[in-house]
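Text of entry-v3.cif (mmCIF, C-alpha atoms) as supplied:
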```cif
data_structure
#
loop_
_atom_site.label_atom_id
_atom_site.label_comp_id
_atom_site.auth_asym_id
_atom_site.auth_seq_id
_atom_site.Cartn_x
_atom_site.Cartn_y
_atom_site.Cartn_z
CA MET Z 1 0.00 0.00 0.00
CA LYS Z 2 1.49 3.36 -1.05
CA GLN Z 3 2.12 5.73 1.84
CA GLU Z 4 0.31 9.06 1.57
CA LYS Z 5 2.67 11.97 1.06
CA ILE Z 6 2.67 14.53 3.87
CA ARG Z 7 1.74 18.04 2.76
CA LYS Z 8 4.45 20.53 3.74
CA ALA Z 9 4.62 24.30 3.90
CA ILE Z 10 7.76 25.69 2.25
CA PHE Z 11 8.96 29.25 2.87
CA LEU Z 12 11.36 30.94 0.43
CA ASP Z 13 13.27 34.14 0.96
CA ILE Z 14 13.71 36.13 -2.27
CA ASP Z 15 16.92 38.16 -2.51
CA GLY Z 16 19.96 35.88 -2.44
CA THR Z 17 17.74 32.79 -2.18
CA LEU Z 18 15.15 32.65 -4.96
CA THR Z 19 16.83 35.38 -7.03
CA GLU Z 20 20.11 37.27 -7.18
CA PRO Z 21 19.97 40.20 -4.72
CA GLY Z 22 17.83 43.00 -6.13
CA SER Z 23 16.77 40.94 -9.14
CA ASN Z 24 13.28 39.87 -10.19
CA ASP Z 25 14.54 37.01 -12.38
CA VAL Z 26 13.87 33.56 -10.92
CA PRO Z 27 16.12 30.82 -12.41
CA PRO Z 28 14.14 28.33 -14.53
CA SER Z 29 15.29 25.53 -12.21
CA ALA Z 30 13.70 27.28 -9.21
CA VAL Z 31 10.49 27.95 -11.16
CA TRP Z 32 10.34 24.23 -11.95
CA ALA Z 33 10.96 23.29 -8.30
CA VAL Z 34 8.16 25.53 -7.01
CA GLN Z 35 5.71 24.34 -9.66
CA GLN Z 36 6.54 20.69 -9.07
CA ALA Z 37 6.29 21.00 -5.28
CA ARG Z 38 2.82 22.54 -5.63
CA LYS Z 39 1.76 19.83 -8.08
CA GLU Z 40 2.73 17.28 -5.44
CA GLY Z 41 0.47 18.96 -2.89
CA HIS Z 42 2.92 21.12 -0.95
CA LEU Z 43 2.29 24.81 -0.22
CA VAL Z 44 4.96 27.31 -1.22
CA PHE Z 45 5.18 30.81 0.26
CA LEU Z 46 7.39 33.78 -0.49
CA CYS Z 47 8.85 34.96 2.81
CA THR Z 48 10.80 38.15 2.27
CA GLY Z 49 11.95 41.41 3.70
CA ARG Z 50 10.62 43.12 0.56
CA ASN Z 51 7.41 45.06 0.88
CA TYR Z 52 4.39 44.09 -1.23
CA ASP Z 53 5.25 46.57 -3.97
CA MET Z 54 8.77 45.16 -4.34
CA LEU Z 55 7.69 41.53 -4.53
CA LYS Z 56 4.85 42.01 -7.03
CA PRO Z 57 7.06 41.20 -10.06
CA LEU Z 58 7.56 37.71 -8.61
CA LEU Z 59 3.82 37.04 -8.58
CA VAL Z 60 3.90 36.13 -12.27
CA HIS Z 61 4.85 32.79 -10.75
CA GLU Z 62 2.16 31.15 -8.64
CA PHE Z 63 2.60 30.83 -4.89
CA ASP Z 64 0.20 29.81 -2.13
CA GLY Z 65 0.79 32.96 -0.16
CA ILE Z 66 3.21 35.72 0.73
CA VAL Z 67 5.00 36.96 3.81
CA ALA Z 68 6.16 40.53 3.08
CA SER Z 69 8.03 43.18 5.09
CA SER Z 70 9.81 40.55 7.21
CA GLY Z 71 6.51 39.29 8.58
CA GLY Z 72 4.57 42.54 8.87
CA TYR Z 73 2.14 41.62 6.10
CA ILE Z 74 0.87 38.08 5.43
CA ALA Z 75 -1.57 36.79 2.85
CA CYS Z 76 -2.68 33.19 2.36
CA GLY Z 77 -4.13 32.96 -1.11
CA SER Z 78 -6.29 36.07 -1.48
CA LYS Z 79 -6.90 36.41 2.27
CA VAL Z 80 -4.82 38.89 4.31
CA ILE Z 81 -4.31 37.25 7.69
CA TYR Z 82 -1.90 39.76 9.27
CA ASP Z 83 -1.19 43.45 8.64
CA CYS Z 84 0.94 45.35 11.16
CA PRO Z 85 2.68 48.57 10.10
CA MET Z 86 4.51 50.75 12.60
CA THR Z 87 2.47 53.25 14.55
CA GLU Z 88 3.01 56.87 13.53
CA THR Z 89 4.87 57.49 16.81
CA GLN Z 90 7.15 54.50 16.26
CA LYS Z 91 7.95 55.59 12.72
CA GLN Z 92 8.72 59.18 13.67
CA THR Z 93 10.93 58.11 16.58
CA ALA Z 94 12.93 55.69 14.43
CA MET Z 95 13.33 58.11 11.53
CA GLU Z 96 14.55 60.89 13.81
CA VAL Z 97 17.05 58.73 15.71
CA LEU Z 98 18.48 57.30 12.49
CA LYS Z 99 18.82 60.74 10.89
CA LYS Z 100 20.44 62.17 14.02
CA ASN Z 101 23.08 59.44 13.85
CA GLY Z 102 23.88 60.01 10.18
CA ILE Z 103 22.29 56.78 8.98
CA PHE Z 104 20.79 56.63 5.49
CA ARG Z 105 17.18 55.39 5.54
CA THR Z 106 14.84 53.65 3.13
CA VAL Z 107 11.31 53.58 4.50
CA GLU Z 108 9.22 50.72 3.11
CA CYS Z 109 5.44 51.06 2.85
CA MET Z 110 2.78 48.84 1.32
CA ASP Z 111 2.87 50.34 -2.16
CA GLY Z 112 6.18 52.14 -2.30
CA SER Z 113 9.64 52.67 -0.84
CA TYR Z 114 11.45 55.96 -0.32
CA THR Z 115 15.14 56.54 0.27
CA ASP Z 116 17.33 59.37 1.53
CA GLU Z 117 18.79 61.29 -1.39
CA GLY Z 118 21.90 61.90 0.71
CA LEU Z 119 23.28 58.41 0.14
CA LYS Z 120 23.74 58.77 -3.59
CA GLU Z 121 24.84 62.38 -3.19
CA PHE Z 122 27.64 61.22 -0.89
CA LEU Z 123 28.63 58.42 -3.25
CA ARG Z 124 28.72 60.77 -6.22
CA ALA Z 125 30.88 63.27 -4.31
CA HIS Z 126 33.32 60.51 -3.37
CA ALA Z 127 33.07 58.37 -6.50
CA SER Z 128 36.83 58.48 -7.06
CA GLU Z 129 37.55 57.03 -3.61
CA GLY Z 130 37.93 53.29 -3.13
CA SER Z 131 34.89 51.32 -4.32
CA ASN Z 132 32.32 54.12 -4.04
CA SER Z 133 31.79 54.29 -7.81
CA GLU Z 134 30.89 50.59 -7.84
CA MET Z 135 28.62 51.12 -4.85
CA LEU Z 136 26.88 53.99 -6.66
CA ARG Z 137 26.18 51.83 -9.74
CA TRP Z 138 24.90 48.99 -7.52
CA ARG Z 139 22.63 51.34 -5.59
CA GLU Z 140 21.17 52.90 -8.75
CA GLN Z 141 20.47 49.44 -10.18
CA ILE Z 142 18.72 48.32 -6.97
CA GLU Z 143 16.55 51.44 -6.83
CA LYS Z 144 15.47 50.98 -10.45
CA SER Z 145 14.66 47.26 -10.22
CA LEU Z 146 12.81 47.58 -6.90
CA ASN Z 147 11.05 50.88 -7.66
CA ILE Z 148 12.63 52.81 -4.78
CA ARG Z 149 11.84 56.53 -5.00
CA PRO Z 150 13.39 59.65 -3.41
CA MET Z 151 12.42 60.55 0.14
CA SER Z 152 11.09 63.89 -1.17
CA GLU Z 153 8.18 61.95 -2.69
CA TYR Z 154 7.22 60.31 0.62
CA ARG Z 155 3.81 61.43 1.86
CA GLY Z 156 3.72 59.70 5.23
CA GLU Z 157 2.16 56.36 4.31
CA PRO Z 158 2.30 53.69 7.06
CA ALA Z 159 5.72 52.02 7.22
CA TYR Z 160 6.46 48.37 7.91
CA LYS Z 161 10.24 48.44 7.86
CA ILE Z 162 13.18 50.84 7.56
CA VAL Z 163 16.26 49.61 5.72
CA ILE Z 164 19.40 51.33 6.95
CA MET Z 165 22.93 51.96 5.71
CA SER Z 166 25.78 53.71 7.49
CA GLN Z 167 29.42 54.47 6.90
CA THR Z 168 30.54 53.07 10.29
CA ILE Z 169 29.43 50.38 12.70
CA GLU Z 170 29.59 52.97 15.50
CA GLN Z 171 26.72 54.89 13.93
CA MET Z 172 24.66 51.71 13.79
CA LEU Z 173 25.39 50.70 17.37
CA LYS Z 174 24.58 54.15 18.73
CA ALA Z 175 21.19 54.13 16.98
CA LYS Z 176 20.58 50.57 18.13
CA SER Z 177 21.15 51.53 21.77
CA GLU Z 178 18.41 54.16 21.45
CA LEU Z 179 15.91 52.01 19.55
CA SER Z 180 16.41 48.39 20.59
CA SER Z 181 13.86 48.48 23.42
CA GLU Z 182 11.05 48.94 20.90
CA PHE Z 183 12.48 47.65 17.61
CA ASN Z 184 14.12 44.56 16.19
CA PHE Z 185 17.46 45.84 14.90
CA CYS Z 186 19.20 43.54 12.41
CA ILE Z 187 22.73 44.50 11.34
CA GLN Z 188 23.90 42.41 8.41
CA GLU Z 189 27.09 40.43 8.81
CA GLY Z 190 29.98 42.21 7.10
CA ASN Z 191 29.39 45.10 4.74
CA LYS Z 192 29.29 45.94 1.06
CA ASN Z 193 32.07 48.20 -0.23
CA GLY Z 194 32.74 49.64 3.22
CA TYR Z 195 29.12 50.31 4.18
CA ILE Z 196 27.17 48.70 7.00
CA ASN Z 197 23.67 47.48 6.11
CA GLY Z 198 20.73 46.59 8.31
CA GLU Z 199 17.01 46.97 8.91
CA ILE Z 200 14.61 47.71 11.73
CA THR Z 201 11.08 46.52 12.38
CA THR Z 202 8.83 46.65 15.41
CA LYS Z 203 8.93 43.81 17.91
CA GLU Z 204 5.42 42.66 16.96
CA PHE Z 205 6.66 40.38 14.17
CA ASP Z 206 9.54 38.62 12.44
CA LYS Z 207 9.79 35.93 9.78
CA GLY Z 208 9.72 33.12 12.33
CA ARG Z 209 6.49 34.32 13.88
CA ALA Z 210 5.12 34.78 10.37
CA LEU Z 211 5.74 31.09 9.65
CA ARG Z 212 3.86 30.22 12.83
CA ARG Z 213 0.95 32.49 11.89
CA VAL Z 214 0.64 30.85 8.46
CA CYS Z 215 0.77 27.36 9.93
CA GLU Z 216 -1.83 28.18 12.59
CA TRP Z 217 -4.13 29.67 9.93
CA LEU Z 218 -3.79 26.61 7.69
CA ASP Z 219 -3.60 24.05 10.53
CA ILE Z 220 -0.21 22.74 9.41
CA PRO Z 221 2.07 21.30 12.12
CA LEU Z 222 5.45 23.03 12.45
CA GLU Z 223 7.16 19.68 11.93
CA HIS Z 224 5.87 19.78 8.35
CA THR Z 225 7.68 23.01 7.41
CA ALA Z 226 10.84 23.88 5.46
CA ALA Z 227 12.54 27.26 5.07
CA PHE Z 228 15.24 28.64 2.79
CA GLY Z 229 17.26 31.82 3.40
CA ASP Z 230 20.64 33.46 2.99
CA SER Z 231 21.09 36.31 5.48
CA MET Z 232 20.71 37.01 9.17
CA ASN Z 233 17.27 38.55 8.69
CA ASP Z 234 16.23 34.95 7.91
CA LEU Z 235 17.50 33.65 11.26
CA GLU Z 236 14.13 33.47 13.06
CA LEU Z 237 12.58 31.85 9.98
CA LEU Z 238 15.20 29.11 9.86
CA GLU Z 239 15.11 28.61 13.63
CA THR Z 240 11.32 28.08 13.52
CA ALA Z 241 11.07 25.72 10.54
CA ALA Z 242 11.53 21.98 10.98
CA LEU Z 243 13.97 21.89 8.04
CA SER Z 244 16.24 24.91 7.56
CA ILE Z 245 18.42 25.43 4.49
CA CYS Z 246 20.96 28.21 3.95
CA MET Z 247 22.24 29.07 0.48
CA GLN Z 248 25.93 28.57 -0.27
CA ASN Z 249 26.10 32.29 -1.16
CA GLY Z 250 24.64 33.15 2.24
CA SER Z 251 25.87 34.48 5.56
CA GLU Z 252 28.58 32.39 7.20
CA GLU Z 253 26.87 32.81 10.56
CA LEU Z 254 23.53 31.65 9.19
CA LYS Z 255 25.17 28.58 7.65
CA LYS Z 256 26.23 27.54 11.17
CA ARG Z 257 22.60 27.72 12.35
CA ALA Z 258 21.00 25.89 9.41
CA ASP Z 259 20.33 22.15 9.10
CA ASP Z 260 21.94 22.07 5.66
CA ILE Z 261 23.58 24.23 3.00
CA CYS Z 262 22.49 24.01 -0.63
CA PRO Z 263 24.26 25.36 -3.73
CA SER Z 264 23.97 29.06 -4.48
CA VAL Z 265 21.08 30.73 -6.23
CA LYS Z 266 23.24 30.83 -9.39
CA ASP Z 267 23.89 27.09 -9.22
CA ASP Z 268 20.30 25.80 -9.10
CA GLY Z 269 20.36 25.50 -5.32
CA ILE Z 270 16.60 25.57 -4.81
CA LYS Z 271 15.98 22.76 -7.27
CA GLN Z 272 18.78 20.63 -5.85
CA ALA Z 273 17.54 21.05 -2.29
CA PHE Z 274 13.91 20.36 -3.27
CA LEU Z 275 15.02 17.13 -4.92
CA LYS Z 276 17.30 16.12 -2.03
CA TYR Z 277 14.53 16.50 0.54
CA HIS Z 278 11.75 15.16 -1.71
CA LEU Z 279 9.88 18.44 -1.77
CA ALA Z 280 9.74 17.88 -5.54
CA ASP Z 281 10.52 14.77 -7.57
CA GLU Z 282 11.52 14.46 -11.20
#
```
Kindly return the structure encoded in the file as structure tokens.
Amino acid sequence: MKQEKIRKAIFLDIDGTLTEPGSNDVPPSAVWAVQQARKEGHLVFLCTGRNYDMLKPLLVHEFDGIVASSGGYIACGSKVIYDCPMTETQKQTAMEVLKKNGIFRTVECMDGSYTDEGLKEFLRAHASEGSNSEMLRWREQIEKSLNIRPMSEYRGEPAYKIVIMSQTIEQMLKAKSELSSEFNFCIQEGNKNGYINGEITTKEFDKGRALRRVCEWLDIPLEHTAAFGDSMNDLELLETAALSICMQNGSEELKKRADDICPSVKDDGIKQAFLKYHLADE
């Protein structure tokens, strides 16, 4: 008698996991893996730090739900099951503290993201120094592909997350000391071209609690979950899932916490891991 296959809930980060960072192009092998897993009865969710506006280009591919803004917005099918932007007071406090400490901010709302013009102005003024010219090109590409607009266009819409970038770790740590009682403050391991990256959200949610909320809504046991990520903002997600996979291109610290490491996003890692753990079969 053939044993019935257990339905699992699979959670996929986007940038650095399902796509190259800042890209909206999903490798054909990953598209196949997601489609095949769903054909076999599993549920596949995007679980990303991107806001809803940023992840919309990925919805040309079918998923069973989305976790956006690091857990601040969750939809299962067409049903929104969780929606938790910052309060106006929280947002104003965070924005003021970050600005005071010289930290560049990108505020992420439901339908748009807005960034400090000062970052690119600084990079342009120092383009001849070190790797700043490369950083400027990278930043302009990211803003174009993810539809990030200047802060001057921001009209105060509710914010779910603030992405941050500073020139020194001291700036980050000083802001963290002022905000950590009320906010989750994730500083990314290492830095890109001499800059320190991070993000802040309120303490009401994270990706791990988002996984739990989805499973409670759908009545799926946590032992029937799998999660894929690449950076430290995926830590709670991977700690919560029964099976946790870090990408080879991911954070060295996250690799130590994961159950397994799969090949990079460029090397068909999602497909290989889905096949290895029988989330999809050829």
Might you pull out every residue within 12 Å of Phe63 in chain Z, with all atoms listed in the file counted and same-chain residues fewer than 4 positions away left off, and present them as an MDAnalysis selection string?
chainID Z and resid 9:12 31 33:39 42:47 55:56 58:59 67 75:78
Keeping only C-alpha atoms, take the residues you just selected and write them out as a short mmCIF file (atom, residue, chain, number, x, y, z; two decimals), in the frame of the given file.
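Here's the written file selection-v3.cif:
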```
data_model
loop_
_atom_site.label_atom_id
_atom_site.label_comp_id
_atom_site.auth_asym_id
_atom_site.auth_seq_id
_atom_site.Cartn_x
_atom_site.Cartn_y
_atom_site.Cartn_z
CA ALA Z 9 4.62 24.30 3.90
CA ILE Z 10 7.76 25.69 2.25
CA PHE Z 11 8.96 29.25 2.87
CA LEU Z 12 11.36 30.94 0.43
CA VAL Z 31 10.49 27.95 -11.16
CA ALA Z 33 10.96 23.29 -8.30
CA VAL Z 34 8.16 25.53 -7.01
CA GLN Z 35 5.71 24.34 -9.66
CA GLN Z 36 6.54 20.69 -9.07
CA ALA Z 37 6.29 21.00 -5.28
CA ARG Z 38 2.82 22.54 -5.63
CA LYS Z 39 1.76 19.83 -8.08
CA HIS Z 42 2.92 21.12 -0.95
CA LEU Z 43 2.29 24.81 -0.22
CA VAL Z 44 4.96 27.31 -1.22
CA PHE Z 45 5.18 30.81 0.26
CA LEU Z 46 7.39 33.78 -0.49
CA CYS Z 47 8.85 34.96 2.81
CA LEU Z 55 7.69 41.53 -4.53
CA LYS Z 56 4.85 42.01 -7.03
CA LEU Z 58 7.56 37.71 -8.61
CA LEU Z 59 3.82 37.04 -8.58
CA VAL Z 67 5.00 36.96 3.81
CA ALA Z 75 -1.57 36.79 2.85
CA CYS Z 76 -2.68 33.19 2.36
CA GLY Z 77 -4.13 32.96 -1.11
CA SER Z 78 -6.29 36.07 -1.48
#
```
Can you turn the PyMOL selection byres ((chain Z and resi 100) around 12) into a concrete residue list for this file, as a list of chain:residue names?
Z:Thr93, Z:Ala94, Z:Met95, Z:Glu96, Z:Val97, Z:Leu98, Z:Lys99, Z:Asn101, Z:Gly102, Z:Ile103, Z:Phe104, Z:Arg105, Z:Ser166, Z:Gln171, Z:Met172, Z:Lys174, Z:Ala175, Z:Glu178
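Pairwise distance (CA of Ile6 in chain Z, CA of Phe274 in chain Z) equals 14.5 Å.
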Considering only C-alpha atoms, can you say which of Z:Thr87, Z:Gln92, Z:Ser69, Z:Ser152 comes closest to Thr115 in chain Z?
Z:Ser152
Take the PyMOL selection byres ((chain Z and resi 233-242) around 8), apply it to the structure above, and return the hits as a PyMOL selection string.
chain Z and resi 13+49+70+186+188+206-209+211-212+222-232+243-245+254+257-258
When the PyMOL selection byres ((chain Z and resi 159) around 12) is applied to the structure above, which residues does it catch, written out as a ChimeraX atom specification?
/Z:51-52,69,72-73,83-92,94-95,106-114,154-158,160-163,200-202
Tell me, in Å to one decimal, how far CA of Val265 in chain Z is from CA of Thr48 in chain Z.
15.3 Å
For Arg213 in chain Z, the nearest of the candidates Z:Ile66, Z:Glu20, Z:Trp32, Z:Asp25, counting all atoms listed in the file
Z:Ile66
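Relative to CA of Phe205 in chain Z, CA of Ser177 in chain Z is found at 19.8 Å.
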